[in-house]
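work_4.cif follows; it contains mmCIF, C-alpha atoms.
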```
data_model
#
loop_
_atom_site.label_atom_id
_atom_site.label_comp_id
_atom_site.auth_asym_id
_atom_site.auth_seq_id
_atom_site.Cartn_x
_atom_site.Cartn_y
_atom_site.Cartn_z
CA MET A 1 45.96 -61.22 -11.56
CA LEU A 2 47.20 -64.78 -11.75
CA LEU A 3 50.37 -66.68 -10.97
CA PHE A 4 52.17 -68.75 -13.58
CA ARG A 5 55.06 -71.18 -13.43
CA SER A 6 56.72 -69.51 -16.39
CA GLU A 7 56.30 -67.12 -19.28
CA GLU A 8 55.37 -70.15 -21.39
CA THR A 9 52.19 -70.87 -19.44
CA VAL A 10 51.30 -67.17 -19.44
CA ASN A 11 51.37 -67.28 -23.24
CA GLU A 12 49.24 -70.44 -23.29
CA TRP A 13 46.69 -68.85 -20.95
CA CYS A 14 46.50 -65.68 -23.07
CA THR A 15 46.00 -67.75 -26.23
CA ALA A 16 43.32 -69.91 -24.62
CA HIS A 17 41.40 -66.88 -23.33
CA LYS A 18 42.06 -64.68 -26.37
CA ILE A 19 43.52 -62.05 -24.06
CA ARG A 20 46.38 -59.83 -25.08
CA ARG A 21 49.63 -60.57 -23.28
CA ARG A 22 50.27 -57.90 -20.67
CA PRO A 23 53.29 -57.12 -18.48
CA LEU A 24 54.74 -59.80 -16.23
CA ILE A 25 56.21 -59.09 -12.86
CA ASN A 26 58.51 -61.23 -10.77
CA LEU A 27 57.94 -62.26 -7.18
CA ASP A 28 60.25 -59.62 -5.73
CA GLN A 29 58.30 -56.89 -7.53
CA LEU A 30 55.02 -58.45 -6.43
CA TRP A 31 56.17 -58.51 -2.82
CA GLN A 32 57.14 -54.84 -2.99
CA LEU A 33 53.67 -54.00 -4.31
CA ALA A 34 52.09 -55.99 -1.50
CA VAL A 35 54.15 -54.19 1.14
CA HIS A 36 53.39 -50.73 -0.30
CA TRP A 37 49.66 -51.48 -0.53
CA TYR A 38 49.04 -53.50 2.58
CA ALA A 39 51.74 -53.20 5.27
CA ASN A 40 49.58 -50.74 7.23
CA ARG A 41 46.21 -52.13 6.14
CA LEU A 42 45.29 -53.25 9.65
CA THR A 43 45.83 -49.78 11.12
CA VAL A 44 43.22 -47.07 11.55
CA GLU A 45 45.18 -44.76 9.24
CA SER A 46 45.14 -47.26 6.39
CA ARG A 47 44.14 -46.00 2.98
CA ARG A 48 44.70 -46.95 -0.61
CA PRO A 49 47.57 -45.12 -2.35
CA ARG A 50 46.46 -42.10 -4.36
CA PRO A 51 46.99 -42.26 -8.14
CA ASP A 52 50.14 -40.13 -8.02
CA GLU A 53 51.49 -42.32 -5.23
CA MET A 54 50.71 -45.42 -7.28
CA VAL A 55 52.75 -44.08 -10.17
CA SER A 56 55.70 -43.48 -7.84
CA ILE A 57 55.41 -46.93 -6.29
CA PHE A 58 55.26 -48.61 -9.68
CA ALA A 59 58.23 -46.59 -10.96
CA SER A 60 60.27 -47.47 -7.87
CA ILE A 61 60.18 -51.14 -8.87
CA GLY A 62 60.63 -50.59 -12.58
CA LEU A 63 57.00 -50.57 -13.71
CA THR A 64 56.52 -47.59 -15.99
CA GLY A 65 54.43 -46.60 -18.98
CA PRO A 66 50.70 -46.14 -19.60
CA PHE A 67 49.80 -49.66 -18.46
CA TRP A 68 50.83 -48.71 -14.93
CA ASP A 69 49.28 -45.23 -14.98
CA PRO A 70 45.96 -45.33 -13.07
CA LYS A 71 44.84 -42.20 -14.93
CA SER A 72 45.78 -43.33 -18.42
CA ASP A 73 43.05 -43.74 -21.02
CA GLN A 74 45.43 -45.18 -23.60
CA TRP A 75 44.18 -48.71 -22.86
CA ARG A 76 40.46 -48.04 -23.24
CA MET B 77 38.02 -59.26 12.76
CA ILE B 78 38.99 -61.02 9.55
CA ALA B 79 42.65 -60.87 10.56
CA ASP B 80 41.79 -62.42 13.92
CA THR B 81 39.66 -65.26 12.64
CA GLY B 82 40.37 -65.74 8.94
CA SER B 83 36.66 -65.30 8.19
CA ALA B 84 34.88 -62.15 7.03
CA PRO B 85 32.22 -61.04 9.53
CA THR B 86 28.72 -60.11 8.47
CA SER B 87 27.38 -56.63 9.15
CA ALA B 88 25.37 -58.11 12.04
CA GLU B 89 28.49 -59.61 13.59
CA VAL B 90 30.39 -56.32 13.27
CA ALA B 91 27.42 -54.46 14.75
CA LYS B 92 27.33 -56.78 17.74
CA ALA B 93 31.10 -56.59 18.30
CA LEU B 94 31.12 -52.78 18.19
CA ASP B 95 27.73 -52.19 19.79
CA LEU B 96 26.48 -50.34 16.74
CA SER B 97 23.34 -50.68 14.70
CA GLU B 98 23.55 -52.95 11.68
CA GLU B 99 22.31 -50.04 9.57
CA ASN B 100 25.34 -47.98 10.63
CA VAL B 101 27.66 -50.85 9.85
CA ARG B 102 26.20 -51.33 6.37
CA ALA B 103 26.61 -47.60 5.77
CA ALA B 104 30.24 -47.95 6.87
CA PHE B 105 30.67 -50.86 4.44
CA ALA B 106 29.37 -48.58 1.67
CA ARG B 107 31.75 -45.76 2.63
CA LEU B 108 34.68 -48.16 2.68
CA HIS B 109 33.62 -49.35 -0.75
CA THR B 110 33.85 -45.81 -2.13
CA LYS B 111 37.38 -45.69 -0.72
CA ARG B 112 38.11 -49.02 -2.40
CA LEU B 113 38.88 -50.67 0.90
CA LEU B 114 35.95 -53.11 0.91
CA VAL B 115 33.65 -54.78 -1.61
CA PRO B 116 30.25 -55.97 -0.31
CA GLU B 117 28.60 -58.94 -1.99
CA PRO B 118 26.68 -57.40 -4.92
CA ASP B 119 23.41 -59.12 -3.98
CA ASP B 120 23.85 -59.02 -0.20
CA PRO B 121 25.31 -55.84 1.34
CA SER B 122 25.44 -57.53 4.74
CA ARG B 123 28.31 -59.73 3.56
CA ILE B 124 31.87 -58.83 2.61
CA ARG B 125 33.17 -60.18 -0.71
CA MET B 126 36.56 -58.48 -0.41
CA ALA B 127 38.37 -56.52 2.25
CA PRO B 128 41.64 -56.34 0.34
CA PRO B 129 43.93 -58.15 0.68
CA PHE B 130 41.48 -60.57 2.33
CA SER B 131 38.70 -62.37 0.49
CA GLY B 132 35.36 -63.02 2.14
CA ILE B 133 34.98 -66.27 0.20
CA PRO B 134 37.34 -69.18 -0.54
CA THR B 135 39.58 -68.56 -3.55
CA ALA B 136 42.48 -70.16 -5.40
CA PHE B 137 44.82 -68.15 -3.19
CA PRO B 138 44.73 -69.54 0.36
CA VAL B 139 47.28 -68.10 2.76
CA GLU B 140 48.44 -70.07 5.79
CA ALA B 141 49.78 -67.73 8.47
CA LEU B 142 49.66 -67.34 12.24
CA GLY B 143 48.11 -70.79 12.51
CA LYS B 144 45.09 -69.80 10.42
CA ARG B 145 43.95 -70.13 6.84
CA TYR B 146 43.01 -66.91 5.10
CA TYR B 147 41.91 -66.39 1.52
CA ALA B 148 43.25 -63.67 -0.78
CA ASN B 149 41.65 -62.17 -3.87
CA CYS B 150 44.61 -62.72 -6.19
CA VAL B 151 48.31 -63.50 -6.06
CA TRP B 152 49.17 -59.86 -5.24
CA ASP B 153 46.74 -59.97 -2.33
CA ALA B 154 48.12 -63.34 -1.22
CA PHE B 155 51.45 -61.62 -0.60
CA GLY B 156 49.39 -58.73 0.77
CA VAL B 157 47.94 -60.91 3.53
CA ALA B 158 51.46 -61.75 4.69
CA ALA B 159 52.42 -58.07 4.46
CA ALA B 160 49.33 -56.93 6.40
CA LEU B 161 49.84 -59.52 9.12
CA HIS B 162 53.62 -58.97 9.20
CA ALA B 163 53.91 -62.73 9.36
CA ASP B 164 55.55 -65.63 7.61
CA ALA B 165 53.14 -67.31 5.23
CA ILE B 166 52.72 -70.27 2.92
CA ILE B 167 50.53 -69.86 -0.14
CA PRO B 168 49.56 -73.19 -1.74
CA THR B 169 48.22 -72.18 -5.13
CA ALA B 170 48.52 -73.29 -8.75
CA ASP B 171 49.66 -72.24 -12.20
CA GLY B 172 46.91 -70.09 -13.73
CA PHE B 173 46.93 -72.10 -16.98
CA SER B 174 48.00 -75.67 -16.23
CA GLY B 175 46.76 -76.01 -12.67
CA GLU B 176 50.16 -77.39 -11.67
CA PRO B 177 50.56 -76.87 -7.91
CA LEU B 178 52.81 -73.94 -7.01
CA THR B 179 53.64 -72.93 -3.48
CA LEU B 180 54.82 -69.47 -2.56
CA GLU B 181 56.43 -68.73 0.76
CA VAL B 182 57.11 -65.54 2.68
CA LYS B 183 59.73 -65.80 5.40
CA SER B 184 61.22 -63.07 7.56
CA GLY B 185 59.69 -60.30 5.50
CA ALA B 186 60.59 -61.47 2.01
CA PRO B 187 59.43 -64.04 -0.53
CA ILE B 188 61.45 -67.21 -1.01
CA ALA B 189 62.95 -66.90 -4.47
CA GLN B 190 61.49 -68.85 -7.37
CA LEU B 191 60.91 -68.27 -11.07
CA SER B 192 57.11 -67.92 -11.06
CA VAL B 193 55.66 -64.74 -12.55
CA ALA B 194 52.45 -62.78 -12.11
CA HIS B 195 50.48 -61.59 -15.11
CA PHE B 196 48.35 -58.47 -14.91
CA ALA B 197 45.60 -58.88 -17.51
CA VAL B 198 44.05 -55.48 -16.77
CA PRO B 199 45.81 -52.08 -16.91
CA ALA B 200 45.94 -50.02 -13.73
CA ALA B 201 43.39 -47.48 -14.96
CA HIS B 202 40.75 -50.23 -15.13
CA TRP B 203 41.43 -52.42 -12.11
CA TRP B 204 38.24 -51.27 -10.38
CA ASP B 205 36.01 -51.45 -13.47
CA ASP B 206 35.46 -55.10 -12.47
CA ILE B 207 37.59 -55.72 -9.40
CA VAL B 208 36.46 -59.32 -9.04
CA PHE B 209 37.80 -60.13 -12.52
CA THR B 210 40.96 -58.07 -11.98
#
```
As structure tokens:
Amino acid sequence: MLLFRSEETVNEWCTAHKIRRRPLINLDQLWQLAVHWYANRLTVESRRPRPDEMVSIFASIGLTGPFWDPKSDQWR
Amino acid sequence: MIADTGSAPTSAEVAKALDLSEENVRAAFARLHTKRLLVPEPDDPSRIRMAPPFSGIPTAFPVEALGKRYYANCVWDAFGVAAALHADAIIPTADGFSGEPLTLEVKSGAPIAQLSVAHFAVPAAHWWDDIVFT
């Protein structure tokens, strides 16, 4: 995933690459994802969140729907 | 080791540091890959391409923290490096379309506010279909 100055440059990037515009997230949401995923990454107990945990993490910061469901096949 | 130095070790370097055989270390790399905690270089399993949030190669997402320069795999992982290190960080990167310089900063456990946004081009169910692209 990439960083953009604004929604405008996201749209320009999607047009240039013929890629469908997907959800945008702000920096606070991105930071929360980073903390959930990686705050204990340097510990022996570290592991990636399970799919059900991912859904809960996404929902806790307002990211819901099939795009954020790691088990969804709606986007195939 | 990558957190200590900023550079991804080879399997030989890990083997030497832990007094293990390189074969055992490569097998461990493979097991970590199945757990989606490490991505070896596709054509060289002795080298680490990704140990999320860290990148084994230079990327467009450098992270300056603890007096070192790390590289992250994407903007999420750039914040992830700061989160993993529990450290303040500066991330000198650029707009994904225009190339305009953009600098993110993490201070005292939170990002400094700005209007930049992250775009997820790939839905969650397919992030690991091609994790390098994701």
Quiz prompt | Closest of B:Arg123, B:Leu178, B:Phe173, B:His109 to Pro138 of chain B - atom-to-atom distances counting only C-alpha atoms | solution =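 Looking at the shortest contact to Pro138 of chain B, the residue is B:Leu178.
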Which residues of chain B sit at most 9 Å from chain A, using all atoms listed in the file? Give each one's shortest atom pair and distance in Å (one decimal place), in chain and ascending residue order, as CSV.
```
residue,atom,partner,partner_atom,distance
B:Ala79,CA,A:Leu42,CA,8.1
B:Lys111,CA,A:Arg48,CA,7.4
B:Arg112,CA,A:Arg48,CA,7.1
B:Leu113,CA,A:Arg48,CA,7.1
B:Pro128,CA,A:Tyr38,CA,8.2
B:Pro129,CA,A:Tyr38,CA,7.2
B:Asn149,CA,A:Met1,CA,8.9
B:Cys150,CA,A:Met1,CA,5.7
B:Val151,CA,A:Leu2,CA,5.9
B:Trp152,CA,A:Ala34,CA,6.1
B:Asp153,CA,A:Ala34,CA,6.7
B:Ala154,CA,A:Ala34,CA,8.4
B:Phe155,CA,A:Ala34,CA,5.7
B:Gly156,CA,A:Ala34,CA,4.5
B:Val157,CA,A:Tyr38,CA,7.6
B:Ala158,CA,A:Ala34,CA,8.5
B:Ala159,CA,A:Ala39,CA,5.0
B:Ala160,CA,A:Ala39,CA,4.6
B:Leu161,CA,A:Ala39,CA,7.6
B:His162,CA,A:Ala39,CA,7.2
B:Thr169,CA,A:Leu3,CA,8.3
B:Ala170,CA,A:Leu3,CA,7.2
B:Asp171,CA,A:Phe4,CA,4.5
B:Gly172,CA,A:Phe4,CA,5.4
B:Phe173,CA,A:Trp13,CA,5.1
B:Ser174,CA,A:Thr9,CA,7.1
B:Glu176,CA,A:Arg5,CA,8.1
B:Leu178,CA,A:Arg5,CA,7.3
B:Val182,CA,A:Trp31,CA,9.0
B:Ala186,CA,A:Trp31,CA,7.2
B:Pro187,CA,A:Trp31,CA,6.8
B:Ile188,CA,A:Leu27,CA,8.7
B:Ala189,CA,A:Leu27,CA,7.3
B:Gln190,CA,A:Leu27,CA,7.5
B:Leu191,CA,A:Ser6,CA,6.9
B:Ser192,CA,A:Arg5,CA,4.5
B:Val193,CA,A:Asn26,CA,4.9
B:Ala194,CA,A:Leu3,CA,4.6
B:His195,CA,A:Leu24,CA,4.8
B:Phe196,CA,A:Met1,CA,4.9
B:Ala197,CA,A:Arg22,CA,5.7
B:Val198,CA,A:Arg22,CA,7.7
B:Pro199,CA,A:Phe67,CA,4.9
B:Ala200,CA,A:Pro70,CA,4.7
B:Ala201,CA,A:Pro70,CA,3.8
B:His202,CA,A:Pro70,CA,7.4
B:Trp203,CA,A:Pro70,CA,8.5
B:Phe209,CA,A:Met1,CA,8.3
B:Thr210,CA,A:Met1,CA,5.9
```
Practice problem: For atom CA of Thr110 of chain B and atom CA of Ala91 of chain B, determine how far apart the two atoms are, in Å to one decimal place. | Solution: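 It comes out at 20.0 Å.
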Quiz item: Can you tell me how far atom CA of Leu180 of chain B sits from atom CA of Phe130 of chain B, in Å to one decimal?
Solution: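 Separation of atom CA of Leu180 of chain B and atom CA of Phe130 of chain B: 16.8 Å.
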Exercise. Work out how far apart atom CA of Glu45 of chain A and atom CA of Ala127 of chain B are and give it in Å to one decimal.
Key: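 Pair atom CA of Glu45 of chain A / atom CA of Ala127 of chain B returns 15.3 Å.
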Quiz item: For Ile167 of chain B, which of B:Ala103, B:Ala148, B:Val139, B:Leu108 is the closest residue, counting all atoms listed in the file?
Solution: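 Result for the nearest residue to Ile167 of chain B: B:Val139.
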Exercise. Identify, on the basis of only C-alpha atoms, every residue whose closest approach to Ala88 of chain B does not exceed 10 Å; exclude the query and any residue fewer than 3 positions from it along the same chain; express the result as a PyMOL selection string.
Key: chain B and resi 85+91-94+96-99+101-102+122-123
What box, with edges along x, y and z, holds each listed atom of segment 109-126 of chain B when 8 Å is added on every side, and can you state its centre and edge lengths in Å to one decimal, as AutoDock Vina command-line options?
```
--center_x 31.1 --center_y -52.9 --center_z -0.1 --size_x 31.5 --size_y 30.5 --size_z 25.7
```
Supply segment 164-182 of chain B as a PDB file, keeping the file's coordinate frame, with N, CA and C atoms built in where the input has gaps.
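Listing of result26.pdb after writing:
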```pdb
ATOM      1  N   ASP B 164      55.165 -64.632   8.596  1.00  0.00           N
ATOM      2  CA  ASP B 164      55.550 -65.630   7.610  1.00  0.00           C
ATOM      3  C   ASP B 164      54.270 -66.264   7.058  1.00  0.00           C
ATOM      4  N   ALA B 165      54.349 -66.738   5.828  1.00  0.00           N
ATOM      5  CA  ALA B 165      53.140 -67.310   5.230  1.00  0.00           C
ATOM      6  C   ALA B 165      53.505 -68.343   4.178  1.00  0.00           C
ATOM      7  N   ILE B 166      52.623 -69.300   4.011  1.00  0.00           N
ATOM      8  CA  ILE B 166      52.720 -70.270   2.920  1.00  0.00           C
ATOM      9  C   ILE B 166      51.457 -70.144   2.096  1.00  0.00           C
ATOM     10  N   ILE B 167      51.642 -70.082   0.775  1.00  0.00           N
ATOM     11  CA  ILE B 167      50.530 -69.860  -0.140  1.00  0.00           C
ATOM     12  C   ILE B 167      50.483 -71.039  -1.123  1.00  0.00           C
ATOM     13  N   PRO B 168      49.655 -72.049  -0.833  1.00  0.00           N
ATOM     14  CA  PRO B 168      49.560 -73.190  -1.740  1.00  0.00           C
ATOM     15  C   PRO B 168      48.572 -72.893  -2.856  1.00  0.00           C
ATOM     16  N   THR B 169      49.090 -72.583  -4.038  1.00  0.00           N
ATOM     17  CA  THR B 169      48.220 -72.180  -5.130  1.00  0.00           C
ATOM     18  C   THR B 169      48.564 -73.016  -6.368  1.00  0.00           C
ATOM     19  N   ALA B 170      48.312 -72.496  -7.550  1.00  0.00           N
ATOM     20  CA  ALA B 170      48.520 -73.290  -8.750  1.00  0.00           C
ATOM     21  C   ALA B 170      48.796 -72.381  -9.939  1.00  0.00           C
ATOM     22  N   ASP B 171      49.435 -72.959 -10.949  1.00  0.00           N
ATOM     23  CA  ASP B 171      49.660 -72.240 -12.200  1.00  0.00           C
ATOM     24  C   ASP B 171      48.313 -71.855 -12.805  1.00  0.00           C
ATOM     25  N   GLY B 172      48.189 -70.596 -13.230  1.00  0.00           N
ATOM     26  CA  GLY B 172      46.910 -70.090 -13.730  1.00  0.00           C
ATOM     27  C   GLY B 172      46.441 -70.760 -15.001  1.00  0.00           C
ATOM     28  N   PHE B 173      47.332 -71.413 -15.753  1.00  0.00           N
ATOM     29  CA  PHE B 173      46.930 -72.100 -16.980  1.00  0.00           C
ATOM     30  C   PHE B 173      46.838 -73.614 -16.764  1.00  0.00           C
ATOM     31  N   SER B 174      47.922 -74.207 -16.293  1.00  0.00           N
ATOM     32  CA  SER B 174      48.000 -75.670 -16.230  1.00  0.00           C
ATOM     33  C   SER B 174      47.382 -76.268 -14.976  1.00  0.00           C
ATOM     34  N   GLY B 175      47.249 -75.474 -13.930  1.00  0.00           N
ATOM     35  CA  GLY B 175      46.760 -76.010 -12.670  1.00  0.00           C
ATOM     36  C   GLY B 175      47.830 -76.723 -11.859  1.00  0.00           C
ATOM     37  N   GLU B 176      49.051 -76.759 -12.399  1.00  0.00           N
ATOM     38  CA  GLU B 176      50.160 -77.390 -11.670  1.00  0.00           C
ATOM     39  C   GLU B 176      50.320 -76.714 -10.308  1.00  0.00           C
ATOM     40  N   PRO B 177      50.406 -77.488  -9.230  1.00  0.00           N
ATOM     41  CA  PRO B 177      50.560 -76.870  -7.910  1.00  0.00           C
ATOM     42  C   PRO B 177      51.828 -76.016  -7.832  1.00  0.00           C
ATOM     43  N   LEU B 178      51.675 -74.844  -7.267  1.00  0.00           N
ATOM     44  CA  LEU B 178      52.810 -73.940  -7.010  1.00  0.00           C
ATOM     45  C   LEU B 178      52.645 -73.426  -5.587  1.00  0.00           C
ATOM     46  N   THR B 179      53.710 -73.421  -4.856  1.00  0.00           N
ATOM     47  CA  THR B 179      53.640 -72.930  -3.480  1.00  0.00           C
ATOM     48  C   THR B 179      54.580 -71.752  -3.307  1.00  0.00           C
ATOM     49  N   LEU B 180      54.020 -70.647  -2.879  1.00  0.00           N
ATOM     50  CA  LEU B 180      54.820 -69.470  -2.560  1.00  0.00           C
ATOM     51  C   LEU B 180      55.043 -69.438  -1.056  1.00  0.00           C
ATOM     52  N   GLU B 181      56.147 -68.837  -0.670  1.00  0.00           N
ATOM     53  CA  GLU B 181      56.430 -68.730   0.760  1.00  0.00           C
ATOM     54  C   GLU B 181      57.016 -67.370   1.075  1.00  0.00           C
ATOM     55  N   VAL B 182      56.546 -66.786   2.157  1.00  0.00           N
ATOM     56  CA  VAL B 182      57.110 -65.540   2.680  1.00  0.00           C
ATOM     57  C   VAL B 182      57.751 -65.868   4.011  1.00  0.00           C
TER      58      VAL B 182
END
```
